[in-house]
$ cat data.txt   # compact mmCIF, C-alpha atoms and all ligand atoms
# COMPACT_ATOMS: atom_id res chain seq x y z
CA MET A 1 0.00 0.00 0.00
CA ARG A 2 1.26 3.48 -0.92
CA VAL A 3 0.21 6.13 1.59
CA LEU A 4 0.27 9.93 1.42
CA VAL A 5 0.17 11.80 4.73
CA VAL A 6 -1.24 15.34 4.61
CA GLY A 7 0.16 17.91 7.03
CA SER A 8 3.48 19.00 8.49
CA GLY A 9 3.31 18.77 12.29
CA GLY A 10 4.41 16.37 15.00
CA ARG A 11 1.20 14.38 14.61
CA GLU A 12 1.81 13.95 10.90
CA HIS A 13 5.43 12.92 11.44
CA ALA A 14 4.16 10.32 13.94
CA LEU A 15 1.60 9.08 11.40
CA ALA A 16 4.18 8.90 8.62
CA ALA A 17 6.67 7.10 10.90
CA ALA A 18 4.08 4.53 12.01
CA LEU A 19 3.00 3.94 8.41
CA ALA A 20 6.61 3.68 7.20
CA ALA A 21 7.20 0.98 9.83
CA ASP A 22 4.09 -0.96 8.75
CA PRO A 23 5.07 -4.06 6.73
CA GLY A 24 1.92 -3.59 4.63
CA VAL A 25 3.13 -0.18 3.42
CA THR A 26 5.50 -0.03 0.46
CA ALA A 27 5.99 3.77 0.31
CA VAL A 28 5.07 6.86 2.33
CA ALA A 29 5.01 10.41 1.04
CA SER A 30 4.00 13.66 2.73
CA ALA A 31 2.20 16.79 1.59
CA PRO A 32 3.81 19.13 2.40
CA GLY A 33 5.62 17.37 5.29
CA ASN A 34 8.59 18.67 7.27
CA PRO A 35 12.31 17.88 7.41
CA GLY A 36 11.69 14.85 9.65
CA MET A 37 9.04 13.47 7.31
CA GLY A 38 11.42 14.05 4.41
CA SER A 39 13.63 11.27 5.74
CA LEU A 40 10.74 8.80 5.29
CA GLY A 41 9.83 9.48 1.67
CA PRO A 42 9.11 12.16 -0.92
CA LEU A 43 7.63 15.52 0.01
CA PHE A 44 5.01 17.21 -2.17
CA PRO A 45 5.28 20.96 -1.55
CA VAL A 46 1.57 21.74 -1.74
CA ASN A 47 -0.62 23.91 0.44
CA PRO A 48 -2.53 21.38 2.58
CA LEU A 49 -5.58 23.64 2.47
CA ASP A 50 -5.66 23.48 -1.33
CA ALA A 51 -7.85 20.40 -1.71
CA GLU A 52 -7.31 20.02 -5.46
CA ALA A 53 -3.54 20.36 -5.09
CA VAL A 54 -3.49 17.64 -2.41
CA ALA A 55 -5.63 15.36 -4.57
CA GLY A 56 -3.21 16.04 -7.44
CA ALA A 57 -0.27 15.00 -5.27
CA ALA A 58 -2.11 11.81 -4.28
CA VAL A 59 -2.67 10.95 -7.95
CA GLU A 60 0.94 11.76 -8.85
CA PHE A 61 2.22 9.57 -6.00
CA ARG A 62 -0.21 6.80 -7.05
CA ALA A 63 -1.43 6.68 -3.46
CA ASP A 64 -3.73 3.85 -2.40
CA LEU A 65 -4.61 5.74 0.76
CA VAL A 66 -4.40 9.35 1.94
CA VAL A 67 -4.27 10.11 5.68
CA VAL A 68 -5.21 13.69 6.56
CA GLY A 69 -3.73 15.11 9.77
CA PRO A 70 -4.80 18.74 10.28
CA GLU A 71 -8.36 19.87 10.92
CA ALA A 72 -8.01 22.87 8.63
CA ALA A 73 -7.34 20.54 5.67
CA LEU A 74 -10.45 18.50 6.52
CA VAL A 75 -12.57 21.61 6.83
CA ALA A 76 -11.14 22.77 3.48
CA GLY A 77 -12.51 19.61 1.85
CA VAL A 78 -9.33 17.64 1.21
CA THR A 79 -11.10 14.33 1.83
CA ASP A 80 -13.88 15.20 -0.61
CA ALA A 81 -11.34 16.07 -3.31
CA VAL A 82 -9.22 12.94 -2.75
CA GLN A 83 -12.30 10.71 -2.82
CA SER A 84 -13.43 12.40 -6.04
CA ALA A 85 -10.07 11.39 -7.51
CA GLY A 86 -10.98 7.78 -6.70
CA ILE A 87 -8.53 7.37 -3.80
CA ALA A 88 -9.43 6.14 -0.30
CA CYS A 89 -9.01 8.88 2.30
CA PHE A 90 -8.82 8.57 6.09
CA GLY A 91 -10.50 11.66 7.50
CA PRO A 92 -14.03 13.05 7.49
CA THR A 93 -15.51 15.00 4.60
CA ARG A 94 -15.88 18.76 4.80
CA SER A 95 -19.44 18.55 6.09
CA ALA A 96 -18.61 15.92 8.73
CA ALA A 97 -15.55 17.91 9.87
CA GLU A 98 -17.93 20.65 11.02
CA LEU A 99 -18.03 18.65 14.23
CA GLU A 100 -14.69 20.31 14.92
CA GLY A 101 -15.00 23.30 12.60
CA SER A 102 -17.90 24.86 14.48
CA LYS A 103 -18.45 24.58 18.22
CA THR A 104 -22.05 25.70 17.72
CA PHE A 105 -22.60 22.82 15.27
CA ALA A 106 -20.96 20.36 17.68
CA LYS A 107 -23.16 21.56 20.53
CA SER A 108 -26.26 21.17 18.38
CA VAL A 109 -25.29 17.59 17.43
CA MET A 110 -24.61 16.80 21.09
CA ALA A 111 -27.97 18.23 22.15
CA ALA A 112 -29.82 16.22 19.49
CA ALA A 113 -27.93 13.04 20.39
CA GLY A 114 -28.40 13.50 24.14
CA VAL A 115 -24.66 13.61 24.82
CA PRO A 116 -23.53 14.67 28.31
CA THR A 117 -21.66 18.00 27.92
CA ALA A 118 -21.42 21.44 29.52
CA ARG A 119 -24.50 23.64 29.21
CA SER A 120 -23.76 26.44 26.74
CA ARG A 121 -24.98 29.50 24.88
CA SER A 122 -23.93 30.43 21.35
CA CYS A 123 -23.62 34.25 21.22
CA THR A 124 -23.15 36.85 18.49
CA THR A 125 -23.59 40.11 20.46
CA ALA A 126 -21.95 41.59 23.54
CA ALA A 127 -25.31 41.60 25.30
CA GLU A 128 -25.78 37.87 24.69
CA VAL A 129 -22.24 37.24 25.97
CA ALA A 130 -22.89 39.28 29.12
CA ALA A 131 -26.13 37.42 29.80
CA ALA A 132 -24.47 34.03 29.31
CA LEU A 133 -21.51 34.93 31.56
CA ASP A 134 -23.96 35.92 34.30
CA GLU A 135 -26.06 32.80 33.79
CA PHE A 136 -23.15 30.39 34.27
CA GLY A 137 -20.97 32.49 36.62
CA PRO A 138 -17.21 32.09 37.20
CA PRO A 139 -14.94 30.44 36.27
CA TYR A 140 -15.94 31.75 32.83
CA VAL A 141 -15.43 29.57 29.76
CA VAL A 142 -15.44 31.49 26.46
CA LYS A 143 -14.78 29.69 23.17
CA ASN A 144 -14.21 31.06 19.70
CA ASP A 145 -16.78 29.27 17.55
CA SER A 146 -14.39 28.42 14.73
CA LEU A 147 -10.98 26.76 14.38
CA ALA A 148 -8.27 28.46 16.45
CA ALA A 149 -5.47 25.85 16.62
CA GLY A 150 -6.14 25.00 20.26
CA LYS A 151 -5.93 28.64 21.35
CA GLY A 152 -9.53 29.78 20.97
CA VAL A 153 -10.62 29.03 24.52
CA VAL A 154 -10.24 31.21 27.59
CA VAL A 155 -11.04 29.91 31.06
CA THR A 156 -10.85 32.70 33.63
CA ASP A 157 -12.25 34.01 36.89
CA ASP A 158 -11.88 37.55 35.59
CA ARG A 159 -15.04 38.76 33.88
CA ASP A 160 -13.20 41.54 31.97
CA THR A 161 -10.81 38.96 30.46
CA ALA A 162 -13.79 36.82 29.44
CA VAL A 163 -15.55 39.80 27.84
CA ALA A 164 -12.36 40.87 26.05
CA HIS A 165 -11.82 37.37 24.56
CA ALA A 166 -15.42 37.27 23.37
CA ALA A 167 -15.08 40.70 21.77
CA GLY A 168 -12.21 39.39 19.62
CA CYS A 169 -14.33 36.59 18.07
CA ASP A 170 -17.19 36.74 15.53
CA ARG A 171 -19.30 34.17 17.26
CA VAL A 172 -18.57 32.67 20.67
CA VAL A 173 -19.81 29.83 22.77
CA VAL A 174 -20.03 30.61 26.48
CA GLU A 175 -20.37 27.57 28.67
CA GLU A 176 -20.62 26.18 32.12
CA PHE A 177 -17.26 25.35 33.76
CA LEU A 178 -16.54 21.63 34.09
CA ASN A 179 -14.43 20.53 37.02
CA GLY A 180 -12.22 17.44 36.88
CA PRO A 181 -9.29 15.89 35.08
CA GLU A 182 -9.40 15.78 31.29
CA ILE A 183 -8.59 12.82 29.06
CA SER A 184 -8.59 12.24 25.32
CA LEU A 185 -10.41 9.31 23.75
CA PHE A 186 -9.71 8.56 20.08
CA VAL A 187 -12.16 6.53 18.08
CA VAL A 188 -11.50 5.20 14.58
CA THR A 189 -14.76 4.87 12.68
CA ASP A 190 -16.10 4.18 9.21
CA GLY A 191 -19.30 5.98 10.13
CA THR A 192 -21.06 2.88 11.48
CA THR A 193 -18.52 0.71 13.27
CA ALA A 194 -16.34 2.45 15.85
CA VAL A 195 -13.15 1.23 17.51
CA PRO A 196 -11.71 3.04 20.53
CA LEU A 197 -7.95 3.43 20.79
CA LYS A 198 -6.18 3.59 24.15
CA LEU A 199 -6.85 6.69 26.22
CA ALA A 200 -4.13 9.33 26.11
CA GLN A 201 -3.33 12.32 28.28
CA ASP A 202 -2.44 15.71 26.84
CA TYR A 203 -0.82 18.54 28.84
CA LYS A 204 -2.56 21.60 27.43
CA ARG A 205 -1.25 24.47 29.53
CA ALA A 206 2.04 26.05 28.55
CA GLY A 207 3.78 25.78 31.92
CA THR A 208 4.81 23.07 34.37
CA GLY A 209 2.05 22.44 36.93
CA ASP A 210 -0.74 23.48 34.51
CA THR A 211 0.29 27.13 34.64
CA GLY A 212 0.09 29.63 31.78
CA LEU A 213 -2.07 29.75 28.68
CA ASN A 214 -3.77 26.94 26.81
CA THR A 215 -1.64 25.66 23.94
CA GLY A 216 -1.99 23.07 21.21
CA GLY A 217 -0.50 20.59 23.72
CA MET A 218 2.93 20.50 25.42
CA GLY A 219 3.27 16.76 25.85
CA ALA A 220 1.32 13.55 26.24
CA TYR A 221 1.44 10.07 27.65
CA ALA A 222 -0.29 6.72 27.33
CA THR A 223 -1.01 4.12 28.80
CA ILE A 224 -3.42 5.60 31.37
CA THR A 225 -4.11 3.25 34.28
CA TRP A 226 -6.06 5.47 36.67
CA VAL A 227 -9.30 5.80 34.65
CA PRO A 228 -11.93 3.21 35.65
CA ASP A 229 -12.42 0.44 33.06
CA ASP A 230 -16.08 1.26 32.49
CA VAL A 231 -15.44 4.82 31.23
CA VAL A 232 -14.58 3.93 27.62
CA PRO A 233 -17.51 1.52 27.08
CA GLN A 234 -19.80 4.08 28.70
CA VAL A 235 -18.56 6.89 26.42
CA MET A 236 -18.92 4.64 23.36
CA GLN A 237 -22.58 4.05 24.25
CA THR A 238 -23.55 7.53 25.49
CA VAL A 239 -21.41 9.67 23.18
CA VAL A 240 -19.82 7.98 20.17
CA TYR A 241 -22.62 5.82 18.76
CA PRO A 242 -25.35 8.46 19.29
CA VAL A 243 -23.18 11.11 17.59
CA LEU A 244 -22.37 8.83 14.63
CA LYS A 245 -26.08 8.13 14.19
CA GLU A 246 -26.93 11.83 14.42
CA MET A 247 -24.29 12.69 11.82
CA THR A 248 -25.65 10.03 9.46
CA ASP A 249 -29.17 11.39 10.00
CA ARG A 250 -27.85 14.84 9.05
CA GLN A 251 -26.47 13.45 5.76
CA ALA A 252 -22.93 14.03 7.02
CA PRO A 253 -21.73 10.55 8.05
CA PHE A 254 -18.53 10.85 10.05
CA ALA A 255 -15.71 8.50 9.00
CA GLY A 256 -12.14 8.94 10.15
CA LEU A 257 -10.91 9.74 13.62
CA LEU A 258 -13.28 11.13 16.20
CA TYR A 259 -11.43 12.78 19.07
CA VAL A 260 -13.54 12.96 22.18
CA GLY A 261 -12.14 15.41 24.74
CA LEU A 262 -13.59 14.38 28.09
CA CYS A 263 -13.75 15.90 31.53
CA LEU A 264 -14.18 13.33 34.28
CA THR A 265 -16.50 15.28 36.59
CA ALA A 266 -18.02 14.09 39.85
CA GLN A 267 -21.25 13.61 37.87
CA GLY A 268 -19.54 11.37 35.29
CA PRO A 269 -17.73 11.93 31.98
CA ARG A 270 -18.71 15.10 30.08
CA VAL A 271 -17.64 16.01 26.54
CA ILE A 272 -15.47 19.14 26.45
CA GLU A 273 -14.94 19.10 22.70
CA PHE A 274 -14.88 17.00 19.58
CA ASN A 275 -12.09 17.07 17.07
CA ALA A 276 -12.21 15.46 13.67
CA ARG A 277 -8.62 14.16 13.64
CA PHE A 278 -5.88 12.75 15.84
CA GLY A 279 -4.75 14.86 18.76
CA ASP A 280 -1.35 16.47 18.54
CA PRO A 281 0.71 15.45 20.59
CA GLU A 282 -1.46 12.46 21.62
CA ALA A 283 -0.88 10.74 18.26
CA GLN A 284 2.83 10.75 19.02
CA VAL A 285 2.29 8.43 22.03
CA LEU A 286 -0.56 6.27 20.71
CA LEU A 287 0.84 5.28 17.33
CA PRO A 288 4.08 3.73 18.66
CA LEU A 289 2.00 1.54 21.00
CA LEU A 290 -0.33 0.24 18.28
CA LYS A 291 0.56 -3.30 17.18
CA THR A 292 -2.27 -3.62 14.63
CA SER A 293 -1.31 -2.36 11.16
CA PRO A 294 -2.20 1.36 11.12
CA ALA A 295 -2.50 1.28 7.32
CA GLU A 296 -5.05 -1.51 7.51
CA LEU A 297 -6.97 0.25 10.28
CA PHE A 298 -7.13 3.55 8.39
CA ARG A 299 -7.91 1.88 5.05
CA ARG A 300 -10.82 -0.01 6.55
CA ALA A 301 -12.18 3.15 8.19
CA ALA A 302 -11.89 4.93 4.84
CA THR A 303 -13.68 2.18 2.92
CA GLY A 304 -16.53 1.21 5.25
CA THR A 305 -15.04 -2.16 6.18
CA LEU A 306 -14.03 -1.64 9.81
CA ALA A 307 -16.45 -4.31 11.08
CA GLU A 308 -14.22 -6.95 9.45
CA LEU A 309 -11.10 -5.89 11.36
CA GLY A 310 -10.45 -7.95 14.50
CA PRO A 311 -9.86 -6.32 17.91
CA LEU A 312 -6.96 -3.87 18.05
CA GLN A 313 -3.65 -5.20 19.35
CA TRP A 314 -1.39 -3.04 21.52
CA HIS A 315 2.16 -3.26 22.80
CA ASP A 316 2.09 -3.71 26.56
CA GLN A 317 4.12 -0.53 27.11
CA SER A 318 3.82 3.18 27.78
CA ALA A 319 4.93 6.17 25.72
CA VAL A 320 5.74 9.78 26.57
CA THR A 321 6.29 12.75 24.29
CA VAL A 322 7.78 16.04 25.49
CA VAL A 323 7.20 19.03 23.22
CA ILE A 324 9.96 21.58 22.77
CA ALA A 325 8.47 24.83 21.51
CA SER A 326 10.17 27.91 20.21
CA LYS A 327 10.94 30.96 22.32
CA GLY A 328 7.85 32.99 23.20
CA TYR A 329 5.34 30.15 22.65
CA PRO A 330 2.35 30.40 22.77
CA GLU A 331 1.91 34.21 22.80
CA SER A 332 4.53 35.19 20.22
CA PRO A 333 6.63 32.25 19.06
CA SER A 334 9.85 33.20 17.35
CA ALA A 335 10.97 31.58 14.11
CA GLY A 336 14.35 30.94 12.54
CA ASP A 337 16.14 29.85 15.75
CA LEU A 338 18.77 27.13 15.42
CA ILE A 339 17.89 23.63 16.72
CA THR A 340 20.72 21.19 17.41
CA GLY A 341 20.88 17.72 18.91
CA ALA A 342 17.53 16.51 17.56
CA ASP A 343 19.11 13.76 15.50
CA GLY A 344 18.18 10.11 15.46
CA SER A 345 15.06 8.23 16.37
CA GLY A 346 12.66 9.61 18.93
CA TYR A 347 12.64 13.14 17.52
CA LEU A 348 9.41 13.92 15.74
CA HIS A 349 9.49 17.20 13.89
CA ALA A 350 6.69 19.75 14.22
CA GLY A 351 7.48 23.40 13.38
CA THR A 352 10.94 22.98 11.85
CA ARG A 353 12.47 23.83 8.51
CA LEU A 354 15.83 23.52 6.82
CA THR A 355 17.65 26.67 5.76
CA GLY A 356 19.31 26.92 2.35
CA ASP A 357 22.61 25.87 3.92
CA GLY A 358 21.05 22.85 5.65
CA ARG A 359 20.64 24.09 9.22
CA LEU A 360 17.54 23.00 11.16
CA VAL A 361 15.63 26.01 12.52
CA THR A 362 12.27 26.65 14.14
CA SER A 363 9.38 27.77 11.98
CA GLY A 364 7.36 29.13 14.94
CA GLY A 365 5.37 27.27 17.59
CA ARG A 366 5.94 23.71 18.67
CA ALA A 367 9.23 22.53 17.17
CA ILE A 368 10.27 19.02 18.23
CA CYS A 369 8.41 16.22 20.06
CA CYS A 370 10.83 14.02 22.00
CA THR A 371 9.11 10.65 22.04
CA ALA A 372 10.04 7.41 23.80
CA THR A 373 8.43 4.15 24.83
CA GLY A 374 9.22 2.03 27.88
CA ASP A 375 7.92 -0.96 29.80
CA THR A 376 6.61 1.43 32.46
CA LEU A 377 5.48 5.02 32.29
CA ASP A 378 8.46 6.05 34.45
CA GLU A 379 10.86 4.40 32.01
CA ALA A 380 9.21 6.05 29.03
CA ARG A 381 9.26 9.39 30.82
CA ALA A 382 12.95 9.13 31.70
CA ALA A 383 13.82 8.20 28.12
CA ALA A 384 11.76 11.07 26.64
CA TYR A 385 13.41 13.62 28.94
CA GLU A 386 16.81 12.20 28.09
CA LEU A 387 16.05 12.90 24.43
CA ALA A 388 14.82 16.39 25.34
CA GLY A 389 18.00 17.09 27.29
CA ARG A 390 20.10 16.60 24.16
CA VAL A 391 18.29 19.31 22.20
CA THR A 392 19.54 22.88 22.25
CA LEU A 393 17.26 25.72 21.23
CA ASP A 394 17.64 29.26 22.48
CA GLY A 395 14.74 30.23 24.76
CA ALA A 396 13.04 26.83 24.35
CA VAL A 397 9.67 26.43 26.08
CA TRP A 398 8.88 22.99 27.53
CA ARG A 399 7.23 21.44 30.55
CA ALA A 400 9.13 19.42 33.13
CA ASP A 401 6.14 17.36 34.30
CA ILE A 402 4.88 15.43 31.29
CA GLY A 403 3.74 12.04 32.58
CA LEU A 404 3.38 13.30 36.16
CA PRO A 405 0.10 14.06 37.96
CA SER A 406 -1.34 17.59 37.84
CA PRO A 407 -4.74 19.18 38.57
CA LEU A 408 -5.94 19.08 34.96
CA THR A 409 -4.32 15.82 33.95
CA GLY A 410 -5.34 13.79 36.97
CA PRO A 411 -3.53 11.30 39.21
CA ARG A 412 -1.25 8.56 37.92
P1 LIG A 501 -11.49 23.08 23.70
O1 LIG A 501 -10.82 23.78 22.56
O2 LIG A 501 -12.96 23.18 23.68
O3 LIG A 501 -10.95 21.73 23.90
O4 LIG A 501 -10.97 23.79 25.03
C1 LIG A 501 -9.59 23.86 25.32
C2 LIG A 501 -9.38 23.66 26.80
O5 LIG A 501 -10.13 24.62 27.55
C3 LIG A 501 -9.84 22.32 27.32
O6 LIG A 501 -8.89 21.34 27.14
C4 LIG A 501 -10.06 22.63 28.77
O7 LIG A 501 -8.86 22.65 29.49
C5 LIG A 501 -10.60 24.03 28.74
N1 LIG A 501 -12.07 23.98 28.73
C6 LIG A 501 -12.87 23.97 27.65
N2 LIG A 501 -14.17 23.90 27.99
C7 LIG A 501 -14.20 23.87 29.33
C8 LIG A 501 -15.25 23.81 30.29
N3 LIG A 501 -16.54 23.80 29.92
N4 LIG A 501 -14.91 23.76 31.59
C9 LIG A 501 -13.62 23.78 31.97
N5 LIG A 501 -12.58 23.87 31.11
C10 LIG A 501 -12.86 23.91 29.81
N1 LIG A 502 -3.82 18.01 21.78
C1 LIG A 502 -5.04 18.68 21.55
C2 LIG A 502 -5.44 18.75 20.16
O1 LIG A 502 -4.86 18.14 19.30
O2 LIG A 502 -6.41 19.43 19.88
$ encode --input "data.txt" --output "structure tokens"
Amino acid sequence: MRVLVVGSGGREHALAAALAADPGVTAVASAPGNPGMGSLGPLFPVNPLDAEAVAGAAVEFRADLVVVGPEAALVAGVTDAVQSAGIACFGPTRSAAELEGSKTFAKSVMAAAGVPTARSRSCTTAAEVAAALDEFGPPYVVKNDSLAAGKGVVVTDDRDTAVAHAAGCDRVVVEEFLNGPEISLFVVTDGTTAVPLKLAQDYKRAGTGDTGLNTGGMGAYATITWVPDDVVPQVMQTVVYPVLKEMTDRQAPFAGLLYVGLCLTAQGPRVIEFNARFGDPEAQVLLPLLKTSPAELFRRAATGTLAELGPLQWHDQSAVTVVIASKGYPESPSAGDLITGADGSGYLHAGTRLTGDGRLVTSGGRAICCTATGDTLDEARAAAYELAGRVTLDGAVWRADIGLPSPLTGPR
């Protein structure tokens, strides 16, 4: 099988690496990819939001399967274009990707499907925002309705900050604050059959100890052992299957990867958000643990044949990824800073690029994901931090507590 991976971040490098290691895969290419992905196969320098250009690259590469990483590409209709070219594509169509593309749409699907989630109001005027803030009270949760690369949400006790964030968005969702640790559940689906992956934990705040702003994710780990065994089956029954049915009823069947962001509240699991693709950096820890062929899993999801795949097989290990971000992340990440030491396996590239004279530099934002597996979480953690310790990057931003307990990420 020849596979084209769309995107250029740490998640996409993890996808390309897992596919390259799959005995069923004969060649992997990336569009547009990054320097790390370039060591796995050809790079097609296309804009991943240009659906026709991506489909053209898939045809040129003679891809049997396209795997789309970033949400913006899904929302731009890359899957629709690739399918129109007669090629199987792992990732929802443009209309199904609205589950991530619009928080108002996601809330309406959840309401119709009876999914447990935070109460919310979708607002377009300052008066509506003010009324919703007063209705729910502090801590205030204010979400930009559309895609914002993980930075569209403000959670604050300060009403002025909440009002200011809302004023900067066209349409906002104001919602009730959910209290409890968060976890990410990833479900591979062909629209009818759904297969949960292992749970993974993402560290969303910029600073050690859950301090600082929300980011795209500063690190992740799996395997999680502290979540009760009944949570995943319960979420499949109360969230995943009802949502898949609702999407089919809306003529927008969802096939691909459904990311269910959960808050484990005292009242039970509540959905914080849906995403229409793998989490980044959660993919970096889940894919190395998957023993089942990822190409086969994604191909079946893309072709409506997931029911025929047996149960997923996993390595009995843990994995940790530590993100190294460029100076100033997340407020004002700098670009063009030299990265050294990130050579060899375990370094997944995110925002990196090669200069004309071959030096590896940051391209702004998260730069390198230092990823390791181990027989225990502590072993994986030690190995990931050893990798991180070898990287030099001026002003690097990273957390020291990936894999450790924290208020938002729960116990261990
Ligand atoms: P989202 O983009 O919706 O995932 O939100 C990003 C982050 O904001 C989440 O991972 C949570 O940490 C936080 N958040 C979002 N919604 C809520 C909520 N209703 N209550 C508490 N925290 C929230
Ligand atoms: N790690 C969170 C996300 O991918 O949205």
$ residues_around --input "data.txt" --residues "segment 325-333 of chain A" --least-positions-apart "4" --cutoff "9 Å" --atoms "only C-alpha atoms" --output "list in words"
Lys151, Ala206, Leu213, Asn214, Thr215, Gly216, Met218, Asp337, Gly351, Thr362, Ser363, Gly364, Gly365, Arg366, Ala367, Ile368, Cys369, Leu393, Asp394, Gly395, Ala396, Val397 and Trp398 of chain A
$ closest_residue --input "data.txt" --among "A:Leu197, A:Ala372, A:Leu178, A:Ala88" --to "Ser345 of chain A" --atoms "all atoms listed in the file"
A:Ala372
$ atom_distance --input "data.txt" --atom1 "atom CA of Pro138 of chain A" --atom2 "atom O4 of ligand LIG 501 (chain A)"
16.0 Å
$ residues_near_ligand --input "data.txt" --ligand "ligand LIG 502 (chain A)" --cutoff "10 Å" --atoms "all atoms listed in the file" --output "PDB file with C-alpha atoms, keeping the file's coordinate frame"
ATOM      1  CA  ARG A  11       1.200  14.380  14.610  1.00  0.00           C
ATOM      2  CA  PRO A  70      -4.800  18.740  10.280  1.00  0.00           C
ATOM      3  CA  GLU A  71      -8.360  19.870  10.920  1.00  0.00           C
ATOM      4  CA  GLU A 100     -14.690  20.310  14.920  1.00  0.00           C
ATOM      5  CA  ALA A 148      -8.270  28.460  16.450  1.00  0.00           C
ATOM      6  CA  ALA A 149      -5.470  25.850  16.620  1.00  0.00           C
ATOM      7  CA  GLY A 150      -6.140  25.000  20.260  1.00  0.00           C
ATOM      8  CA  LYS A 151      -5.930  28.640  21.350  1.00  0.00           C
ATOM      9  CA  SER A 184      -8.590  12.240  25.320  1.00  0.00           C
ATOM     10  CA  ALA A 200      -4.130   9.330  26.110  1.00  0.00           C
ATOM     11  CA  GLN A 201      -3.330  12.320  28.280  1.00  0.00           C
ATOM     12  CA  ASP A 202      -2.440  15.710  26.840  1.00  0.00           C
ATOM     13  CA  TYR A 203      -0.820  18.540  28.840  1.00  0.00           C
ATOM     14  CA  LYS A 204      -2.560  21.600  27.430  1.00  0.00           C
ATOM     15  CA  ASN A 214      -3.770  26.940  26.810  1.00  0.00           C
ATOM     16  CA  THR A 215      -1.640  25.660  23.940  1.00  0.00           C
ATOM     17  CA  GLY A 216      -1.990  23.070  21.210  1.00  0.00           C
ATOM     18  CA  GLY A 217      -0.500  20.590  23.720  1.00  0.00           C
ATOM     19  CA  MET A 218       2.930  20.500  25.420  1.00  0.00           C
ATOM     20  CA  GLY A 219       3.270  16.760  25.850  1.00  0.00           C
ATOM     21  CA  ALA A 220       1.320  13.550  26.240  1.00  0.00           C
ATOM     22  CA  TYR A 259     -11.430  12.780  19.070  1.00  0.00           C
ATOM     23  CA  VAL A 260     -13.540  12.960  22.180  1.00  0.00           C
ATOM     24  CA  GLY A 261     -12.140  15.410  24.740  1.00  0.00           C
ATOM     25  CA  GLU A 273     -14.940  19.100  22.700  1.00  0.00           C
ATOM     26  CA  PHE A 274     -14.880  17.000  19.580  1.00  0.00           C
ATOM     27  CA  ASN A 275     -12.090  17.070  17.070  1.00  0.00           C
ATOM     28  CA  ALA A 276     -12.210  15.460  13.670  1.00  0.00           C
ATOM     29  CA  ARG A 277      -8.620  14.160  13.640  1.00  0.00           C
ATOM     30  CA  PHE A 278      -5.880  12.750  15.840  1.00  0.00           C
ATOM     31  CA  GLY A 279      -4.750  14.860  18.760  1.00  0.00           C
ATOM     32  CA  ASP A 280      -1.350  16.470  18.540  1.00  0.00           C
ATOM     33  CA  PRO A 281       0.710  15.450  20.590  1.00  0.00           C
ATOM     34  CA  GLU A 282      -1.460  12.460  21.620  1.00  0.00           C
ATOM     35  CA  ALA A 283      -0.880  10.740  18.260  1.00  0.00           C
TER      36      ALA A 283
END
$ residues_near_ligand --input "data.txt" --ligand "ligand LIG 501 (chain A)" --cutoff "6 Å" --atoms "only C-alpha atoms and all ligand atoms" --output "PDB file with C-alpha atoms, keeping the file's coordinate frame"
ATOM      1  CA  ALA A 118     -21.420  21.440  29.520  1.00  0.00           C
ATOM      2  CA  VAL A 141     -15.430  29.570  29.760  1.00  0.00           C
ATOM      3  CA  GLY A 150      -6.140  25.000  20.260  1.00  0.00           C
ATOM      4  CA  VAL A 153     -10.620  29.030  24.520  1.00  0.00           C
ATOM      5  CA  GLU A 175     -20.370  27.570  28.670  1.00  0.00           C
ATOM      6  CA  GLU A 176     -20.620  26.180  32.120  1.00  0.00           C
ATOM      7  CA  PHE A 177     -17.260  25.350  33.760  1.00  0.00           C
ATOM      8  CA  LEU A 178     -16.540  21.630  34.090  1.00  0.00           C
ATOM      9  CA  ILE A 272     -15.470  19.140  26.450  1.00  0.00           C
ATOM     10  CA  GLU A 273     -14.940  19.100  22.700  1.00  0.00           C
TER      11      GLU A 273
END
$ closest_residue --input "data.txt" --among "A:Val240, A:Leu4, A:Ile339, A:Val59" --to "Gly86 of chain A" --atoms "all atoms listed in the file"
A:Val59
$ residues_around --input "data.txt" --residues "Thr125 of chain A" --least-positions-apart "5" --cutoff "12 Å" --atoms "all atoms listed in the file" --output "VMD selection string"
chain A and resid 130 to 132 163 166 to 174
$ closest_residue --input "data.txt" --among "A:Leu147, A:Val75, A:Val271, A:Ala350" --to "Ala111 of chain A" --atoms "only C-alpha atoms"
A:Val271
$ residues_around --input "data.txt" --residues "Thr208 of chain A" --least-positions-apart "6" --cutoff "8 Å" --atoms "only C-alpha atoms" --output "ChimeraX atom specification"
/A:398-401
$ write_last_selection --input "data.txt" --atoms "C-alpha atoms" --output "PDB file, keeping the file's coordinate frame"
ATOM      1  CA  TRP A 398       8.880  22.990  27.530  1.00  0.00           C
ATOM      2  CA  ARG A 399       7.230  21.440  30.550  1.00  0.00           C
ATOM      3  CA  ALA A 400       9.130  19.420  33.130  1.00  0.00           C
ATOM      4  CA  ASP A 401       6.140  17.360  34.300  1.00  0.00           C
TER       5      ASP A 401
END
$ closest_residue --input "data.txt" --among "A:Leu348, A:Ala113, A:Ala266, A:Ala295" --to "Glu246 of chain A" --atoms "all atoms listed in the file"
A:Ala113
$ closest_residue --input "data.txt" --among "A:Lys245, A:Thr104, A:Gly268, A:Ala319" --to "Leu199 of chain A" --atoms "all atoms listed in the file"
A:Ala319
$ residues_around --input "data.txt" --residues "segment 379-385 of chain A" --least-positions-apart "6" --cutoff "8 Å" --atoms "only C-alpha atoms" --output "PyMOL selection string"
chain A and resi 318-322+346+370-373+402-403
$ atom_distance --input "data.txt" --atom1 "atom CA of Asp343 of chain A" --atom2 "atom CA of Ala29 of chain A"
20.5 Å
